[in-house]
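Containing compact mmCIF, C-alpha atoms: target15.txt.
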# COMPACT_ATOMS: atom_id res chain seq x y z
CA MET V 1439 -14.66 -16.51 80.39
CA THR V 1440 -11.61 -15.02 78.68
CA ALA V 1441 -9.55 -12.33 80.29
CA PRO V 1442 -10.53 -8.92 79.02
CA ALA V 1443 -8.21 -7.01 76.78
CA THR V 1444 -7.22 -3.71 78.26
CA ALA V 1445 -8.65 -0.72 76.45
CA SER V 1446 -5.82 1.38 75.12
CA PRO V 1447 -5.32 5.12 75.51
CA ALA V 1448 -6.79 6.91 72.53
CA GLY V 1449 -3.59 8.91 71.93
CA ARG V 1450 -1.21 5.97 71.68
CA PRO V 1451 -0.44 4.80 68.11
CA ILE V 1452 -2.01 1.47 67.26
CA SER V 1453 1.44 0.19 66.30
CA ARG V 1454 2.51 0.43 69.96
CA GLU V 1455 -0.36 -1.61 71.37
CA PRO V 1456 0.93 -5.05 72.49
CA SER V 1457 -2.48 -6.70 72.07
CA PHE V 1458 -2.88 -5.40 68.52
CA LEU V 1459 0.71 -6.29 67.64
CA ARG V 1460 0.01 -9.86 68.70
CA LEU V 1461 -3.15 -9.94 66.59
CA TRP V 1462 -1.39 -8.32 63.63
CA SER V 1463 1.50 -10.77 63.83
CA ALA V 1464 -0.89 -13.72 63.97
CA THR V 1465 -2.86 -12.58 60.93
CA THR V 1466 0.40 -11.92 59.07
CA ALA V 1467 1.67 -15.42 59.90
CA SER V 1468 -1.57 -16.97 58.65
CA GLY V 1469 -1.31 -14.88 55.48
CA LEU V 1470 2.27 -15.99 54.85
CA ALA V 1471 1.30 -19.62 55.33
CA THR V 1472 -1.68 -19.25 53.01
CA TRP V 1473 0.22 -17.54 50.20
CA ALA V 1474 3.43 -19.59 50.47
CA LEU V 1475 1.90 -23.06 50.15
CA PRO V 1476 0.84 -22.81 46.46
CA PHE V 1477 4.31 -21.54 45.51
CA VAL V 1478 6.02 -24.34 47.42
CA LEU V 1479 3.81 -26.91 45.71
CA GLY V 1480 4.53 -25.21 42.38
CA LEU V 1481 8.25 -25.71 43.03
CA ALA V 1482 7.50 -29.36 43.76
CA VAL V 1483 5.93 -29.61 40.30
CA LEU V 1484 9.12 -28.21 38.77
CA ASP V 1485 11.09 -30.84 40.70
CA ASN V 1486 8.77 -33.58 39.37
CA ALA V 1487 7.71 -34.45 42.92
CA LEU V 1488 4.09 -33.53 42.05
CA SER V 1489 2.21 -33.47 38.77
CA ALA V 1490 0.38 -30.41 37.50
CA THR V 1491 -2.88 -32.32 37.83
CA GLY V 1492 -2.00 -33.27 41.40
CA LEU V 1493 -1.27 -29.62 42.19
CA GLY V 1494 -4.71 -28.62 40.90
CA VAL V 1495 -6.41 -31.34 42.96
CA VAL V 1496 -4.59 -30.37 46.17
CA LEU V 1497 -5.33 -26.66 45.78
CA ALA V 1498 -8.96 -27.39 44.90
CA ALA V 1499 -9.24 -29.47 48.08
CA ARG V 1500 -7.84 -26.58 50.11
CA THR V 1501 -10.39 -24.19 48.57
CA ALA V 1502 -13.22 -26.64 49.27
CA GLY V 1503 -12.15 -26.92 52.90
CA PHE V 1504 -12.06 -23.14 53.17
CA LEU V 1505 -15.56 -22.66 51.77
CA LEU V 1506 -17.06 -25.42 53.92
CA ALA V 1507 -15.48 -24.10 57.12
CA VAL V 1508 -16.27 -20.39 56.74
CA PRO V 1509 -20.01 -20.50 57.63
CA VAL V 1510 -19.49 -23.06 60.42
CA ALA V 1511 -16.66 -21.02 61.89
CA GLY V 1512 -18.78 -17.87 61.77
CA VAL V 1513 -21.37 -19.56 63.96
CA LEU V 1514 -18.80 -21.02 66.36
CA ALA V 1515 -16.94 -17.71 66.69
CA ASP V 1516 -20.20 -16.02 67.72
CA ARG V 1517 -21.22 -18.86 70.00
CA TYR V 1518 -17.87 -19.33 71.75
CA SER V 1519 -14.66 -17.36 72.26
CA ARG V 1520 -13.29 -15.91 69.00
CA ARG V 1521 -9.80 -16.44 70.41
CA ALA V 1522 -10.55 -20.12 70.96
CA VAL V 1523 -11.79 -20.56 67.40
CA VAL V 1524 -8.56 -19.06 66.06
CA LEU V 1525 -6.56 -21.32 68.37
CA TRP V 1526 -8.20 -24.58 67.30
CA ALA V 1527 -8.38 -23.60 63.63
CA GLY V 1528 -4.70 -22.66 63.58
CA LEU V 1529 -3.71 -25.85 65.40
CA ALA V 1530 -5.70 -27.96 62.94
CA ALA V 1531 -3.91 -26.30 60.01
CA ALA V 1532 -0.54 -26.64 61.74
CA LEU V 1533 -1.00 -30.35 62.45
CA ALA V 1534 -2.35 -31.15 58.98
CA THR V 1535 0.43 -29.35 57.09
CA PRO V 1536 3.14 -32.00 57.72
CA LEU V 1537 0.78 -34.57 56.19
CA ILE V 1538 0.92 -32.61 52.94
CA ALA V 1539 4.71 -32.93 53.08
CA LEU V 1540 4.42 -36.63 53.94
CA GLY V 1541 2.23 -37.27 50.90
CA LEU V 1542 4.51 -35.36 48.52
CA GLY V 1543 5.65 -37.79 45.85
CA ARG V 1544 3.69 -40.60 47.48
CA SER V 1545 -0.05 -39.93 47.70
CA VAL V 1546 -2.08 -37.12 46.18
CA LEU V 1547 -5.07 -38.40 48.15
CA LEU V 1548 -3.25 -37.87 51.46
CA MET V 1549 -2.09 -34.44 50.35
CA SER V 1550 -5.62 -33.47 49.30
CA ALA V 1551 -7.17 -34.61 52.59
CA ALA V 1552 -4.57 -32.70 54.57
CA ALA V 1553 -4.94 -29.63 52.32
CA ALA V 1554 -8.69 -29.66 52.93
CA ILE V 1555 -8.02 -29.48 56.69
CA VAL V 1556 -5.54 -26.66 56.18
CA GLY V 1557 -8.11 -24.83 54.06
CA ALA V 1558 -10.71 -25.37 56.76
CA GLY V 1559 -8.35 -23.87 59.31
CA GLN V 1560 -7.80 -20.89 57.05
CA GLY V 1561 -11.54 -20.49 56.52
CA ALA V 1562 -12.27 -20.73 60.22
CA CYS V 1563 -9.68 -18.08 61.06
CA ARG V 1564 -10.98 -15.41 58.69
CA PRO V 1565 -14.32 -14.50 60.36
CA ALA V 1566 -12.87 -15.13 63.81
CA PHE V 1567 -9.98 -12.72 63.15
CA GLN V 1568 -12.43 -10.11 61.87
CA ALA V 1569 -14.55 -10.33 65.00
CA LEU V 1570 -11.51 -10.50 67.28
CA THR V 1571 -10.20 -7.25 65.79
CA ALA V 1572 -13.39 -5.53 66.93
CA GLU V 1573 -12.78 -6.85 70.46
CA VAL V 1574 -9.08 -6.03 70.73
CA VAL V 1575 -9.13 -2.57 69.09
CA ASP V 1576 -11.27 0.31 70.35
CA ALA V 1577 -13.80 1.72 67.89
CA GLY V 1578 -11.86 4.94 67.33
CA ARG V 1579 -8.85 3.18 65.83
CA ARG V 1580 -10.29 0.24 63.94
CA ARG V 1581 -9.75 2.00 60.62
CA GLN V 1582 -6.03 2.19 61.36
CA ALA V 1583 -6.02 -1.41 62.57
CA ASN V 1584 -7.78 -2.72 59.46
CA ALA V 1585 -5.43 -0.71 57.26
CA ALA V 1586 -2.41 -2.16 59.08
CA ILE V 1587 -3.76 -5.70 58.70
CA THR V 1588 -4.55 -5.32 55.00
CA LEU V 1589 -1.14 -3.68 54.54
CA ALA V 1590 0.44 -6.83 55.97
CA VAL V 1591 -1.63 -8.94 53.59
CA ARG V 1592 -0.36 -6.97 50.58
CA VAL V 1593 3.25 -7.10 51.75
CA THR V 1594 2.78 -10.84 52.17
CA THR V 1595 1.59 -11.27 48.59
CA LEU V 1596 4.64 -9.31 47.44
CA VAL V 1597 7.19 -11.05 49.67
CA ALA V 1598 5.92 -14.64 49.89
CA PRO V 1599 6.78 -15.75 46.32
CA ALA V 1600 10.27 -14.20 46.40
CA ALA V 1601 10.98 -15.47 49.92
CA THR V 1602 9.79 -18.95 48.97
CA ALA V 1603 11.98 -19.03 45.87
CA LEU V 1604 14.97 -17.81 47.89
CA LEU V 1605 14.49 -20.39 50.64
CA ALA V 1606 14.05 -23.10 48.01
CA THR V 1607 17.72 -22.67 47.11
CA VAL V 1608 18.74 -24.02 50.52
CA LEU V 1609 15.69 -25.99 51.71
CA SER V 1610 13.69 -28.85 50.20
CA ALA V 1611 10.02 -28.56 49.31
CA TRP V 1612 9.30 -30.90 52.23
CA ALA V 1613 10.99 -28.51 54.69
CA LEU V 1614 9.23 -25.47 53.21
CA ILE V 1615 5.83 -27.12 53.56
CA VAL V 1616 6.55 -27.95 57.19
CA GLY V 1617 7.62 -24.32 57.61
CA THR V 1618 4.14 -23.15 56.62
CA GLY V 1619 2.82 -25.39 59.39
CA LEU V 1620 5.04 -23.53 61.88
CA LEU V 1621 3.52 -20.28 60.65
CA TRP V 1622 0.06 -21.69 61.37
CA LEU V 1623 1.28 -22.57 64.87
CA VAL V 1624 2.26 -18.93 65.39
CA ALA V 1625 -1.15 -17.82 64.10
CA ALA V 1626 -2.84 -20.17 66.57
CA LEU V 1627 -0.89 -19.30 69.69
CA LEU V 1628 -0.10 -15.61 69.36
CA PRO V 1629 -3.46 -13.72 69.29
CA PRO V 1630 -4.52 -11.98 72.51
CA PRO V 1631 -7.78 -12.73 74.34
CA GLY V 1632 -10.80 -10.64 73.47
CA ARG V 1633 -13.19 -8.70 75.68
CA ARG V 1634 -16.22 -10.88 75.09
CA GLU V 1635 -17.67 -13.79 76.99
CA ALA V 1636 -19.06 -16.81 75.22
CA ILE V 1637 -22.74 -16.52 74.29
CA ALA V 1638 -25.18 -18.92 75.88
CA VAL V 1639 -26.93 -20.96 73.18
CA GLN V 1640 -29.95 -23.16 73.66
CA PRO V 1641 -28.85 -26.81 73.44
CA GLY V 1642 -29.70 -28.48 70.17
CA THR V 1643 -29.87 -25.26 68.13
CA PRO V 1644 -28.88 -26.21 64.55
CA LEU V 1645 -25.83 -24.49 63.10
CA LEU V 1646 -27.82 -23.66 59.99
CA MET V 1647 -30.40 -21.79 62.07
CA GLU V 1648 -27.67 -19.81 63.81
CA PHE V 1649 -26.06 -18.95 60.48
CA GLY V 1650 -29.50 -17.83 59.32
CA GLU V 1651 -29.53 -15.32 62.17
CA GLY V 1652 -26.37 -13.84 60.68
CA VAL V 1653 -28.05 -13.63 57.27
CA CYS V 1654 -31.02 -11.86 58.86
CA GLU V 1655 -28.64 -9.41 60.52
CA ALA V 1656 -26.99 -8.74 57.16
CA ARG V 1657 -30.40 -8.04 55.64
CA ARG V 1658 -30.97 -5.32 58.25
CA HIS V 1659 -28.20 -3.33 56.56
CA PRO V 1660 -29.07 -2.50 52.93
CA TRP V 1661 -25.65 -0.94 52.42
CA PHE V 1662 -24.01 -4.26 53.34
CA LEU V 1663 -26.09 -6.30 50.91
CA ALA V 1664 -25.55 -3.75 48.14
CA GLY V 1665 -21.80 -3.56 48.75
CA LEU V 1666 -21.48 -7.35 48.92
CA ALA V 1667 -23.41 -7.71 45.66
CA ALA V 1668 -21.10 -5.18 43.98
CA LEU V 1669 -18.02 -6.94 45.33
CA ALA V 1670 -19.35 -10.30 44.13
CA ALA V 1671 -20.01 -8.88 40.66
CA VAL V 1672 -16.48 -7.48 40.40
CA ILE V 1673 -14.91 -10.73 41.55
CA PHE V 1674 -17.14 -12.90 39.35
CA THR V 1675 -16.37 -10.87 36.21
CA GLY V 1676 -13.31 -8.65 36.44
CA TYR V 1677 -11.13 -10.76 38.71
CA SER V 1678 -11.95 -14.00 36.95
CA ALA V 1679 -11.41 -12.54 33.47
CA THR V 1680 -8.08 -10.93 34.24
CA ALA V 1681 -6.84 -14.00 36.12
CA VAL V 1682 -6.92 -15.85 32.79
CA ALA V 1683 -6.61 -13.04 30.25
CA LEU V 1684 -3.55 -11.40 31.80
CA PRO V 1685 -1.15 -14.37 31.45
CA LEU V 1686 -2.49 -15.13 27.97
CA ALA V 1687 -2.01 -11.49 26.91
CA GLY V 1688 1.53 -11.57 28.22
CA ARG V 1689 2.30 -14.70 26.23
CA ASP V 1690 0.44 -14.05 22.98
CA ARG V 1691 0.46 -10.25 22.65
CA TYR V 1692 3.68 -9.20 24.34
CA GLY V 1693 5.68 -12.41 24.07
CA THR V 1694 6.97 -12.29 27.64
CA GLU V 1695 5.88 -13.34 31.10
CA ALA V 1696 7.30 -10.08 32.43
CA VAL V 1697 3.95 -8.40 31.70
CA LEU V 1698 2.20 -10.80 34.08
CA ALA V 1699 4.80 -10.25 36.80
CA GLY V 1700 4.80 -6.47 36.27
CA ALA V 1701 1.02 -6.16 36.36
CA LEU V 1702 0.70 -8.22 39.55
CA THR V 1703 3.50 -6.24 41.17
CA ALA V 1704 1.83 -2.97 40.17
CA TYR V 1705 -1.47 -4.24 41.61
CA THR V 1706 0.18 -5.07 44.93
CA LEU V 1707 2.03 -1.75 45.09
CA GLY V 1708 -1.21 0.09 44.34
CA ALA V 1709 -2.93 -1.85 47.12
CA LEU V 1710 -0.11 -0.96 49.52
CA ALA V 1711 -0.57 2.71 48.67
CA GLY V 1712 -4.32 2.38 49.19
CA ALA V 1713 -3.88 0.78 52.61
CA VAL V 1714 -1.48 3.54 53.72
CA LEU V 1715 -3.86 6.22 52.43
CA MET V 1716 -6.91 4.75 54.17
CA ALA V 1717 -5.06 4.53 57.50
CA ARG V 1718 -5.01 8.34 57.61
CA TRP V 1719 -7.78 9.54 55.30
CA HIS V 1720 -11.36 9.58 56.54
CA PRO V 1721 -13.55 10.70 53.64
CA PRO V 1722 -16.91 12.19 54.68
CA ALA V 1723 -18.78 9.89 52.26
CA GLN V 1724 -16.74 6.81 53.06
CA GLY V 1725 -19.20 4.35 51.51
CA TRP V 1726 -19.39 6.14 48.19
CA THR V 1727 -15.61 6.53 48.22
CA ALA V 1728 -15.22 2.80 48.86
CA LEU V 1729 -17.58 1.86 46.04
CA ALA V 1730 -15.81 4.27 43.69
CA GLY V 1731 -12.56 2.53 44.62
CA LEU V 1732 -14.10 -0.86 43.89
CA ALA V 1733 -15.21 0.38 40.46
CA LEU V 1734 -11.58 1.19 39.60
CA TYR V 1735 -11.02 -2.53 39.09
CA GLY V 1736 -12.76 -2.11 35.75
CA PHE V 1737 -9.56 -0.55 34.36
CA ALA V 1738 -7.82 -3.94 34.67
CA PRO V 1739 -9.90 -5.82 32.05
CA LEU V 1740 -10.21 -2.61 30.05
CA SER V 1741 -6.43 -2.39 29.66
CA LEU V 1742 -6.34 -5.86 28.07
CA LEU V 1743 -8.82 -5.04 25.32
CA LEU V 1744 -6.37 -3.35 22.94
CA PRO V 1745 -2.67 -3.85 22.13
CA VAL V 1746 -1.46 -0.98 24.32
CA HIS V 1747 2.03 -0.47 25.73
CA PRO V 1748 2.75 -2.66 28.79
CA ALA V 1749 3.08 0.51 30.88
CA VAL V 1750 -0.63 1.14 30.33
CA VAL V 1751 -1.44 -2.34 31.65
CA PHE V 1752 0.80 -1.79 34.68
CA THR V 1753 -0.84 1.56 35.40
CA ALA V 1754 -4.33 0.06 35.11
CA TYR V 1755 -3.46 -2.71 37.56
CA GLY V 1756 -1.88 -0.24 39.95
CA ILE V 1757 -5.11 1.79 39.91
CA ALA V 1758 -7.13 -1.39 40.48
CA GLY V 1759 -4.97 -2.31 43.48
CA LEU V 1760 -5.34 1.18 44.92
CA GLY V 1761 -9.10 0.99 44.50
CA ILE V 1762 -9.53 -2.40 46.14
CA GLU V 1763 -8.03 -1.07 49.38
CA LEU V 1764 -10.10 2.10 49.16
CA PHE V 1765 -12.96 -0.37 49.41
CA ASN V 1766 -11.60 -2.97 51.84
CA VAL V 1767 -10.60 -0.77 54.77
CA PRO V 1768 -13.88 1.20 55.09
CA TRP V 1769 -15.84 -1.99 54.38
CA PHE V 1770 -14.28 -4.00 57.19
CA THR V 1771 -14.40 -1.04 59.58
CA ALA V 1772 -18.06 -0.34 58.85
CA THR V 1773 -19.00 -3.99 59.29
CA GLN V 1774 -17.29 -4.06 62.70
CA ARG V 1775 -19.03 -0.80 63.65
CA GLU V 1776 -22.57 -1.38 62.38
CA VAL V 1777 -23.23 -5.10 62.81
CA ASP V 1778 -24.54 -6.45 66.10
CA PRO V 1779 -21.37 -7.68 67.93
CA ARG V 1780 -23.15 -10.95 68.80
CA LEU V 1781 -23.47 -11.73 65.08
CA LEU V 1782 -20.33 -10.13 63.69
CA ALA V 1783 -18.46 -13.36 62.90
CA ARG V 1784 -21.50 -14.80 61.10
CA VAL V 1785 -21.94 -11.69 58.96
CA SER V 1786 -18.20 -11.67 58.21
CA SER V 1787 -18.37 -15.33 57.23
CA LEU V 1788 -21.19 -14.50 54.80
CA ASP V 1789 -18.93 -11.83 53.31
CA PHE V 1790 -16.01 -14.26 52.83
CA LEU V 1791 -18.25 -17.07 51.64
CA VAL V 1792 -19.75 -14.97 48.84
CA SER V 1793 -16.58 -13.15 47.79
CA TYR V 1794 -14.23 -16.14 47.87
CA GLY V 1795 -16.82 -18.62 46.71
CA LEU V 1796 -17.66 -16.79 43.50
CA ALA V 1797 -14.05 -16.62 42.28
CA PRO V 1798 -13.78 -20.28 41.18
CA ILE V 1799 -17.33 -20.19 39.79
CA GLY V 1800 -16.43 -17.16 37.68
CA LEU V 1801 -13.36 -18.95 36.36
CA ALA V 1802 -15.51 -21.97 35.44
CA PHE V 1803 -17.91 -19.80 33.43
CA LEU V 1804 -15.16 -17.83 31.75
CA ALA V 1805 -13.93 -20.44 29.27
CA PRO V 1806 -17.39 -21.18 27.77
CA ALA V 1807 -18.06 -17.44 27.48
CA VAL V 1808 -14.79 -16.88 25.64
CA ASP V 1809 -15.48 -19.83 23.32
CA ALA V 1810 -18.93 -18.43 22.53
CA PHE V 1811 -18.16 -14.72 22.17
CA GLY V 1812 -14.38 -14.22 22.04
CA TRP V 1813 -11.97 -12.45 24.36
CA ARG V 1814 -12.75 -8.84 23.51
CA PRO V 1815 -16.53 -8.95 24.11
CA VAL V 1816 -15.99 -10.85 27.37
CA LEU V 1817 -13.38 -8.37 28.64
CA ALA V 1818 -15.54 -5.42 27.59
CA ALA V 1819 -18.55 -6.87 29.40
CA CYS V 1820 -16.46 -7.53 32.51
CA ALA V 1821 -15.20 -3.93 32.51
CA VAL V 1822 -18.75 -2.59 32.17
CA VAL V 1823 -19.94 -4.75 35.09
CA CYS V 1824 -17.02 -3.58 37.25
CA PHE V 1825 -17.92 0.06 36.60
CA LEU V 1826 -21.70 -0.25 36.87
CA ALA V 1827 -22.16 -2.68 39.78
CA PRO V 1828 -20.64 -0.35 42.43
CA ALA V 1829 -22.52 2.60 40.91
CA ALA V 1830 -25.79 0.68 41.27
CA ALA V 1831 -24.87 -0.29 44.84
CA ALA V 1832 -24.35 3.38 45.71
CA LEU V 1833 -28.09 3.90 45.25
CA ALA V 1834 -28.98 1.62 48.16
CA PRO V 1835 -29.96 3.23 51.50
CA GLY V 1836 -27.05 3.84 53.82
CA THR V 1837 -24.26 3.35 51.29
CA ARG V 1838 -23.09 6.97 51.49
CA GLY V 1839 -21.50 6.33 54.86
CA PHE V 1840 -21.80 2.52 55.08
CA SER V 1841 -24.23 3.12 57.91
CA HIS V 1842 -27.78 2.25 58.93
CA ARG V 1843 -28.57 5.97 58.57
CA THR V 1844 -29.63 7.00 55.11
CA GLY V 1845 -27.13 9.86 55.02
CA GLU V 1846 -29.14 12.94 54.01
CA GLY V 1847 -32.33 14.64 55.04
CA HIS V 1848 -34.01 17.83 53.98
CA ARG V 1849 -35.64 20.09 56.52
CA LYS V 1850 -36.89 23.64 55.88
CA GLY V 1851 -34.95 23.82 52.63
CA THR V 1852 -31.65 23.06 54.35
CA THR V 1853 -29.76 19.88 53.59
CA VAL V 1854 -28.77 18.14 56.78
CA VAL V 1855 -26.02 15.58 56.39
CA LEU V 1856 -26.19 12.81 58.94
CA GLN V 1857 -22.73 11.69 59.90
CA ALA V 1858 -22.01 7.96 59.98
CA ARG V 1859 -21.43 6.42 63.37
CA ASP V 1860 -17.65 6.37 63.38
CA GLY V 1861 -15.37 7.58 66.13
CA SER V 1862 -12.21 6.90 64.13
CA THR V 1863 -9.52 9.55 64.01
CA ALA V 1864 -6.99 10.21 61.33
CA GLY V 1865 -3.33 9.65 61.98

Show me, as structure tokens, the structure contained in the file I just sent.
Amino acid sequence: MTAPATASPAGRPISREPSFLRLWSATTASGLATWALPFVLGLAVLDNALSATGLGVVLAARTAGFLLAVPVAGVLADRYSRRAVVLWAGLAAALATPLIALGLGRSVLLMSAAAAIVGAGQGACRPAFQALTAEVVDAGRRRQANAAITLAVRVTTLVAPAATALLATVLSAWALIVGTGLLWLVAALLPPPGRREAIAVQPGTPLLMEFGEGVCEARRHPWFLAGLAALAAVIFTGYSATAVALPLAGRDRYGTEAVLAGALTAYTLGALAGAVLMARWHPPAQGWTALAGLALYGFAPLSLLLPVHPAVVFTAYGIAGLGIELFNVPWFTATQREVDPRLLARVSSLDFLVSYGLAPIGLAFLAPAVDAFGWRPVLAACAVVCFLAPAAAALAPGTRGFSHRTGEGHRKGTTVVLQARDGSTAG
């Protein structure tokens, strides 16, 4: 049994809670390690210590490890202590990271095997962190907690490349890779214990059957399935298209890589603004607001259709970044609120498996589509999907408030709005 986390006074800011600060710091460390590694390996390519092909193989191995570990970790985090899953996953990533450094310039096979373990550690941490947040933070302040965590993620994406490049002026790629392993060690050791005991499981129960219980739980929530389908559609089309079209547009249309850097910076800044906004704003129709935010991603591929001024592209990506956090924070908070706590990690792992898993598949389908139809029809179709998929999801029962309640009822000619189960407070 793990020691229970002490419930915090409702009036104290979440930023002053030691248990949450430990959790936040651990998730930030894991985010820094995750985002820094590709940039460090990219610098190794520039130093001729790793080929471009080798870089692709190593990163693909890390992604494969992530996708394979996510469903298994979801089951284990529901079966055992979520804190323990984070501990062992972080330790595995920390111990495997030096092997990536050891293989640099010597063996791509060793680097790939180690990267797969690091990816597995990353994949195992994601659903466990999600479930642990629900244990450490009281229900009334999970919106603020999720906003603070996603804010750290966005700051990480903004800071990690610059920090890596700066450190590369005084440290070798080998030392920087080992440094990401130290970050994983922090992520493993720092999180606080949760308030939940391990669940007794009948011996011999297959992992696949336990994961199926999480799928069944997800099916009990039509709003979750609809929102996940909309998210998958946006990632499969809009994200994949702009991931390739944006750098090509910068090179061929504008003749500078500054457009790529500016658009990605605008996206991150928009996401930062969205996270700050959602920490304090509690819209009455939070599900519809979240889906409307998700639909804003359609402006990203739309901005690449015509030869517009770069400022238009930057604005479109800033709006897309704002929208993605309008979706993320209510989505994570609602999942933690509505899903059976016994199955929360499994449902979260389904979320990550679908959303992360479709990104590389979308990229694989993109090139044949462009060859067959051309860039403009593909980008136009992606924009249409980004706008329509969340709108279609909004029609599913419960999406108005991301709740099991349908949201509205009519009695004696008077519209009665059923409030979503959410004790969160603004501020």

Inset, instruction - Could you tell me how far CA of Ile1799 in chain V lies from CA of Phe1674 in chain V, in Å and to one decimal? - result: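 These two atoms are separated by 7.3 Å.
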
Legend entry - Length of the CA of Phe1662 in chain V to CA of Arg1521 in chain V vector [Å]: 25.3 Å

Legend entry - From V:Leu1570, V:Leu1666, V:Leu1459, V:Ala1810, residue lying nearest Arg1633 in chain V [only C-alpha atoms]: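 Of the candidates, the smallest distance to Arg1633 in chain V is held by V:Leu1570.
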
Legend entry - Pick from V:Gly1676, V:Pro1631, V:Gly1469, V:Pro1509, whichever lies nearest to Val1816 in chain V using all atoms listed in the file: V:Gly1676

Inset, instruction - Find the distance between CA of Leu1710 in chain V and CA of Ala1586 in chain V and write it in Å to one decimal. - result: 9.9 Å

Which protein, DNA or RNA residues are at most 9 Å from (-8.3, -3.6, 31.5) in the file's coordinates when you count only C-alpha atoms, listed as a PDB file with C-alpha atoms, in the coordinates of the input?
ATOM      1  CA  GLY V1676     -13.310  -8.650  36.440  1.00  0.00           C
ATOM      2  CA  THR V1680      -8.080 -10.930  34.240  1.00  0.00           C
ATOM      3  CA  TYR V1735     -11.020  -2.530  39.090  1.00  0.00           C
ATOM      4  CA  GLY V1736     -12.760  -2.110  35.750  1.00  0.00           C
ATOM      5  CA  PHE V1737      -9.560  -0.550  34.360  1.00  0.00           C
ATOM      6  CA  ALA V1738      -7.820  -3.940  34.670  1.00  0.00           C
ATOM      7  CA  PRO V1739      -9.900  -5.820  32.050  1.00  0.00           C
ATOM      8  CA  LEU V1740     -10.210  -2.610  30.050  1.00  0.00           C
ATOM      9  CA  SER V1741      -6.430  -2.390  29.660  1.00  0.00           C
ATOM     10  CA  LEU V1742      -6.340  -5.860  28.070  1.00  0.00           C
ATOM     11  CA  LEU V1743      -8.820  -5.040  25.320  1.00  0.00           C
ATOM     12  CA  LEU V1744      -6.370  -3.350  22.940  1.00  0.00           C
ATOM     13  CA  VAL V1751      -1.440  -2.340  31.650  1.00  0.00           C
ATOM     14  CA  ALA V1754      -4.330   0.060  35.110  1.00  0.00           C
ATOM     15  CA  TYR V1755      -3.460  -2.710  37.560  1.00  0.00           C
ATOM     16  CA  LEU V1817     -13.380  -8.370  28.640  1.00  0.00           C
ATOM     17  CA  ALA V1818     -15.540  -5.420  27.590  1.00  0.00           C
ATOM     18  CA  ALA V1821     -15.200  -3.930  32.510  1.00  0.00           C
TER      19      ALA V1821
END

Inset, instruction - Considering all atoms listed in the file, state which residue in the set V:Gly1512, V:Pro1815, V:Pro1660, V:Gly1761 is at the smallest distance from Arg1780 in chain V. - result: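 For Arg1780 in chain V, the nearest of the candidates is V:Gly1512.
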
Inset, instruction - Do a neighbour search on Leu1497 in chain V at 8 Å with all atoms listed in the file, toss out local chain neighbours closer than 2 positions, and write the hits as a list in words. - result: Pro1476, Leu1493, Gly1494, Val1495, Ala1499, Arg1500, Thr1501, Ser1550 and Ala1553 of chain V

Legend entry - Selected residue, from V:Val1823, V:Val1574, V:Ala1679, V:Ala1668, that lies nearest to Pro1456 in chain V when counting all atoms listed in the file: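 Using all atoms listed in the file, the shortest distance to Pro1456 in chain V belongs to V:Val1574.
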
Legend entry - Protein and nucleic acid residues near (-20.8, -10.6, 51.1) (cut-off 9 Å, only C-alpha atoms) as number ranges by chain: V: 1656, 1662-1670, 1785-1793

Legend entry - Test item: residues at most 10 Å from range 1690-1704 of chain V, only C-alpha atoms, excluding those fewer than 3 positions along its chain, as a count of residues only: 31

Inset, instruction - Pick out the residues sitting within 12 Å of Val1513 in chain V, and hand them over as a PyMOL selection string; count all atoms listed in the file, and ignore anything fewer than 6 positions along from it in its own chain. - result: chain V and resi 1507+1519-1520+1523+1562+1565-1566+1569+1636-1637+1639+1643-1653+1780-1788

Legend entry - Who sits within 7 Å of range 1715-1725 of chain V, only C-alpha atoms, same chain under 3 positions skipped, as a PyMOL selection string: chain V and resi 1581-1582+1585+1711-1712+1728-1729+1764+1767-1768+1837-1840+1864-1865

For C-alpha atoms, I'd like the residues from the last selection saved as a compact mmCIF listing (two decimals), keeping the file's coordinate frame.
# COMPACT_ATOMS: atom_id res chain seq x y z
CA ARG V 1581 -9.75 2.00 60.62
CA GLN V 1582 -6.03 2.19 61.36
CA ALA V 1585 -5.43 -0.71 57.26
CA ALA V 1711 -0.57 2.71 48.67
CA GLY V 1712 -4.32 2.38 49.19
CA ALA V 1728 -15.22 2.80 48.86
CA LEU V 1729 -17.58 1.86 46.04
CA LEU V 1764 -10.10 2.10 49.16
CA VAL V 1767 -10.60 -0.77 54.77
CA PRO V 1768 -13.88 1.20 55.09
CA THR V 1837 -24.26 3.35 51.29
CA ARG V 1838 -23.09 6.97 51.49
CA GLY V 1839 -21.50 6.33 54.86
CA PHE V 1840 -21.80 2.52 55.08
CA ALA V 1864 -6.99 10.21 61.33
CA GLY V 1865 -3.33 9.65 61.98

Output, as lines of an AutoDock Vina configuration file, the centre and edge lengths in Å (one decimal) of the axis-aligned box that contains all listed atoms of range 1659-1672 of chain V with 4 Å of margin on each side.
center_x = -22.8
center_y = -5.6
center_z = 48.5
size_x = 20.6
size_y = 17.4
size_z = 24.2

Legend entry - Nearest-residue call for Thr1535 in chain V, choices V:Thr1465, V:Gln1560, V:Thr1727, V:Asn1486, using all atoms listed in the file: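 Once distances to Thr1535 in chain V are computed over all atoms listed in the file, the minimum belongs to V:Gln1560.
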